[in-house]
Every structure is written in structure tokens, then in C-alpha cells.
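This report refers to the structure that appears directly beneath it.
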Amino acid sequence: MTISKPYLTFFTSLTLATIGSTIAYLTNWIIVIPVLFGLGIPLVNIDKPLKQKIGLTIVAVFVSTLIFVATIIAVLSFDFDKYIFPGFLVGLAGIAILGINGLFVENIKLTPYTIALTFLLSGISFPIWIILTENIFPNTITNIELIRQFGGMFFWMTSTTIGICLSIKPKTK
């Protein structure tokens with residue numbers, strides 16, 4: 001029994017995001033989160049010889065990390081809106097990560113549908129997270145330090161990964 005590439009990508013990316021969040025929480029090395037998260041998609045999906053796979057993976061991780069960091073800085077820098085502007089920024093970041101991986105991964109299909117779906121999933125993740133933490137989750141959950149520090153990022157990574165996984169199509173022979 002084999003697991004399909006979209007499911008393997010989803011589980012690998014979320015496992016790496018979880019490990020990255022835990023390491024960041026324990027060491028205060030926040031950069032570990034986007035680096036490990038950025039590894040998941042190219043690691044599973046680039047079907048090239050090893051040297052090419054390593055090179056393309058390094059480039060994808062580097063660019064994904066830059067996108068991730070730039071988005072966090074931008075979201076934290078502008079404090080005039082709580083939902084729409086941050087949602088728009090994280091939606092664009094989701095598309096950018098889809099795009100960089102789509103350049104290197106043959107089975108990621110960049111269509112208007114997959115781009116819009118990834119934008120929507122990524123973009124609504126941050127506003128939904130704010131609503132969940134402010135209105136729905138009990139204080140016992142929102143006061144957990146790991147959730148408070150990295151929950152929003154993890155929720156965004158999950159939503160973005162779902163969008164990207166929905167764009168992964170099997171190779172046609």
C-alpha cells in the first residue's frame with residue numbers, strides 16, 4: 001500500500017511544521033519553523049536526480065523562508081486592521097509559496113483554480129485563528145504559551161499546505 005503524494009506532502013509538511021514549532025518554542029530560534037516547513041513540499045514532490053533535488057530543495061526552502069519572514073514582518077508592522085489586511089498578506093504568501101514550489105515540482109499544477117483556492121485557504125486562516133482564539137477557544141487553551149506564540153502560524157501552514165496539496169496532480173504518462 002502506498003500513500004498518495006498529496007497526503008504524503010500534507011503529513012510531511014505538518015510533521016516538519018510541528019517539529020519546527022517545538023524547536024522554536026524550546027530554543028527561541030523562530031527561523032527553524034519556516035525552514036522545516038519549506039522542506040516538506042519539495043522533499044516529497046521533486047522527482048529529479050539527487051543533486052538536482054538537493055539544489056532545488058535548498059532554493060525552495062530559502063525562498064519560502066524569505067516569504068514567510070517577510071509576511072510576518074509585514075503583518076506585525078501594520079496595525080490598522082485586524083482581519084482583512086493580514087488575511088490578504090497571508091493569502092499572498094500562500095500563493096507565493098505555491099508558486100515557488102510550482103516552479104520546481106512538475107506535479108504541482110498552477111491553474112487559476114489552484115491559485116484562488118490556495119489564496120482563499122491561506123487568506124482566511126489568520127482571521128479565523130483570531131476569531132477562534134478571541135471568541136471560541138477557552139482561556140485554558142489560548143493561555144498555553146506554545147499555542148499563543150505559534151498557533152496562528154501553524155494554522156496558516158496547515159491551510160496553505162491543504163491548498164498546495166489540492167494542486168498536486170499525478171503525472172500523466
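We name chains A, B, ... following the order of the C-alpha cells; residues begin at 1 in each chain, and ligands are numbered from 1 as shown.
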Next item on the list: Fewer than 6 positions away in the same chain doesn't count, so skip those; otherwise give me all residues within 6 Å of stretch 108-116 of chain A, counting only C-alpha atoms, as a ChimeraX atom specification.
Entry: /A:102,167-168
Item checked: Per-residue DSSP, stretch 59-130 of chain A, filtered to helix (DSSP H, G or I), as JSON, numbers by chain -> {"A": [59, 60, 61, 62, 63, 64, 65, 66, 67, 68, 69, 70, 71, 72, 73, 74, 75, 76, 77, 84, 85, 86, 87, 88, 89, 90, 91, 92, 93, 94, 95, 96, 97, 98, 99, 100, 101, 102, 103, 104, 112, 113, 114, 115, 116, 117, 118, 119, 120, 121, 122, 123, 124, 125, 126, 127, 128, 129, 130]}
Atoms to include: C-alpha atoms. Write the selected residues as a PDB file, in the first residue's frame.
```pdb
ATOM      1  CA  VAL A  59      16.299  27.189  -3.313  1.00  0.00           C
ATOM      2  CA  ALA A  60      12.634  26.416  -2.479  1.00  0.00           C
ATOM      3  CA  VAL A  61      13.349  26.420   1.263  1.00  0.00           C
ATOM      4  CA  PHE A  62      15.304  29.678   1.037  1.00  0.00           C
ATOM      5  CA  VAL A  63      12.606  31.478  -0.960  1.00  0.00           C
ATOM      6  CA  SER A  64       9.812  30.034   1.211  1.00  0.00           C
ATOM      7  CA  THR A  65      11.643  31.213   4.319  1.00  0.00           C
ATOM      8  CA  LEU A  66      12.020  34.713   2.861  1.00  0.00           C
ATOM      9  CA  ILE A  67       8.299  34.804   2.015  1.00  0.00           C
ATOM     10  CA  PHE A  68       7.384  33.541   5.478  1.00  0.00           C
ATOM     11  CA  VAL A  69       9.591  36.055   7.310  1.00  0.00           C
ATOM     12  CA  ALA A  70       8.585  38.986   5.101  1.00  0.00           C
ATOM     13  CA  THR A  71       4.913  38.206   5.667  1.00  0.00           C
ATOM     14  CA  ILE A  72       5.311  38.009   9.437  1.00  0.00           C
ATOM     15  CA  ILE A  73       7.189  41.322   9.477  1.00  0.00           C
ATOM     16  CA  ALA A  74       4.535  42.953   7.272  1.00  0.00           C
ATOM     17  CA  VAL A  75       1.623  41.635   9.366  1.00  0.00           C
ATOM     18  CA  LEU A  76       3.255  42.829  12.579  1.00  0.00           C
ATOM     19  CA  SER A  77       4.256  46.209  11.118  1.00  0.00           C
ATOM     20  CA  ILE A  84      -8.691  41.890   6.111  1.00  0.00           C
ATOM     21  CA  PHE A  85      -5.154  43.236   5.621  1.00  0.00           C
ATOM     22  CA  PRO A  86      -3.399  40.386   7.491  1.00  0.00           C
ATOM     23  CA  GLY A  87      -5.644  37.906   5.679  1.00  0.00           C
ATOM     24  CA  PHE A  88      -4.722  39.450   2.342  1.00  0.00           C
ATOM     25  CA  LEU A  89      -0.998  39.318   3.177  1.00  0.00           C
ATOM     26  CA  VAL A  90      -1.024  35.692   4.320  1.00  0.00           C
ATOM     27  CA  GLY A  91      -3.120  34.801   1.269  1.00  0.00           C
ATOM     28  CA  LEU A  92      -0.488  36.340  -0.995  1.00  0.00           C
ATOM     29  CA  ALA A  93       2.209  34.483   0.940  1.00  0.00           C
ATOM     30  CA  GLY A  94       0.346  31.224   0.353  1.00  0.00           C
ATOM     31  CA  ILE A  95       0.218  31.920  -3.377  1.00  0.00           C
ATOM     32  CA  ALA A  96       3.926  32.817  -3.390  1.00  0.00           C
ATOM     33  CA  ILE A  97       4.838  29.542  -1.672  1.00  0.00           C
ATOM     34  CA  LEU A  98       2.575  27.651  -4.080  1.00  0.00           C
ATOM     35  CA  GLY A  99       4.273  29.479  -6.967  1.00  0.00           C
ATOM     36  CA  ILE A 100       7.852  28.789  -5.915  1.00  0.00           C
ATOM     37  CA  ASN A 101       7.062  25.131  -5.375  1.00  0.00           C
ATOM     38  CA  GLY A 102       5.123  25.026  -8.640  1.00  0.00           C
ATOM     39  CA  LEU A 103       8.261  26.173 -10.465  1.00  0.00           C
ATOM     40  CA  PHE A 104      10.274  23.229  -9.175  1.00  0.00           C
ATOM     41  CA  PRO A 112      -6.456  29.881 -11.703  1.00  0.00           C
ATOM     42  CA  TYR A 113      -8.457  27.423  -9.580  1.00  0.00           C
ATOM     43  CA  THR A 114      -5.486  26.188  -7.501  1.00  0.00           C
ATOM     44  CA  ILE A 115      -4.145  29.721  -7.100  1.00  0.00           C
ATOM     45  CA  ALA A 116      -7.537  31.052  -5.970  1.00  0.00           C
ATOM     46  CA  LEU A 117      -8.094  28.085  -3.657  1.00  0.00           C
ATOM     47  CA  THR A 118      -4.685  28.469  -2.036  1.00  0.00           C
ATOM     48  CA  PHE A 119      -5.219  32.232  -1.665  1.00  0.00           C
ATOM     49  CA  LEU A 120      -8.611  31.636  -0.060  1.00  0.00           C
ATOM     50  CA  LEU A 121      -7.427  28.933   2.338  1.00  0.00           C
ATOM     51  CA  SER A 122      -4.276  30.837   3.309  1.00  0.00           C
ATOM     52  CA  GLY A 123      -6.062  34.171   3.499  1.00  0.00           C
ATOM     53  CA  ILE A 124      -8.895  33.065   5.769  1.00  0.00           C
ATOM     54  CA  SER A 125      -6.608  31.149   8.119  1.00  0.00           C
ATOM     55  CA  PHE A 126      -5.357  34.158  10.067  1.00  0.00           C
ATOM     56  CA  PRO A 127      -8.754  35.858  10.544  1.00  0.00           C
ATOM     57  CA  ILE A 128     -10.294  32.514  11.556  1.00  0.00           C
ATOM     58  CA  TRP A 129      -7.459  31.983  14.035  1.00  0.00           C
ATOM     59  CA  ILE A 130      -8.121  35.392  15.602  1.00  0.00           C
TER      60      ILE A 130
END
```
Check: Which one is closest to A:Thr22: A:Gly38, A:Pro170, A:Gly151, A:Gly163? Count only C-alpha atoms.
Finding: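 Distance minimum relative to A:Thr22 lands on A:Gly151.
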Please report, as JSON lines, each residue of stretch 117-150 of chain A lying at most 9 Å from stretch 24-34 of chain A, together with the nearest pair of atoms and the separation in Å rounded to one decimal; use only C-alpha atoms, and order rows by chain and ascending residue number.
```
{"residue": "A:Glu145", "atom": "CA", "partner": "A:Tyr25", "partner_atom": "CA", "distance": 8.6}
{"residue": "A:Leu146", "atom": "CA", "partner": "A:Tyr25", "partner_atom": "CA", "distance": 6.5}
{"residue": "A:Gln149", "atom": "CA", "partner": "A:Tyr25", "partner_atom": "CA", "distance": 8.0}
{"residue": "A:Phe150", "atom": "CA", "partner": "A:Tyr25", "partner_atom": "CA", "distance": 8.1}
```
Those same residues, written as a compact mmCIF listing (two decimals), in the first residue's frame with C-alpha atoms?
```txt
# COMPACT_ATOMS: atom_id res chain seq x y z
CA GLU A 145 2.41 29.52 25.60
CA LEU A 146 3.08 27.31 22.56
CA GLN A 149 3.20 32.04 20.16
CA PHE A 150 2.90 29.69 17.21
```
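Using only C-alpha atoms, the smallest distance between any of A:Val105, A:Leu132, A:Ile144, A:Ile3 and A:Pro42 comes from A:Val105.
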Check: Nearest to A:Val35 among A:Thr142, A:Thr57, A:Thr160, A:Thr2, with distances taken over only C-alpha atoms: which residue is it?
Finding: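 With only C-alpha atoms as the atom set, the closest residue is A:Thr57.
Computed from the coordinates, the atom CA of A:Pro49 to atom CA of A:Thr158 distance equals 28.7 Å.
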Next item on the list: Find the spatial neighbours of A:Glu106, counting only C-alpha atoms, within a cut-off of 10 Å - ignore same-chain residues fewer than 6 positions away - and output them as a PyMOL selection string.
Entry: chain A and resi 45-48+168-171
Keeping only C-alpha atoms, take the residues you just selected and write them out as a PDB file, in the first residue's frame.
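What follows is the written file result.pdb:
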```pdb
ATOM      1  CA  ASN A  45       7.500  16.009  -4.680  1.00  0.00           C
ATOM      2  CA  ILE A  46      10.681  16.824  -6.588  1.00  0.00           C
ATOM      3  CA  ASP A  47      11.394  13.823  -8.793  1.00  0.00           C
ATOM      4  CA  LYS A  48      14.872  14.619 -10.060  1.00  0.00           C
ATOM      5  CA  ILE A 168      -0.767  18.268  -6.735  1.00  0.00           C
ATOM      6  CA  LYS A 169      -1.858  16.143  -9.676  1.00  0.00           C
ATOM      7  CA  PRO A 170      -0.495  12.756 -10.616  1.00  0.00           C
ATOM      8  CA  LYS A 171       1.850  12.608 -13.562  1.00  0.00           C
TER       9      LYS A 171
END
```
Note to self: Taking only C-alpha atoms into account, name the residue in A:Thr15, A:Asn135, A:Asn107, A:Ser4 that is nearest to A:Met157.
What the structure shows: A:Thr15
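Take atom CA of A:Leu36 and atom CA of A:Leu16: the distance between them is 5.3 Å.
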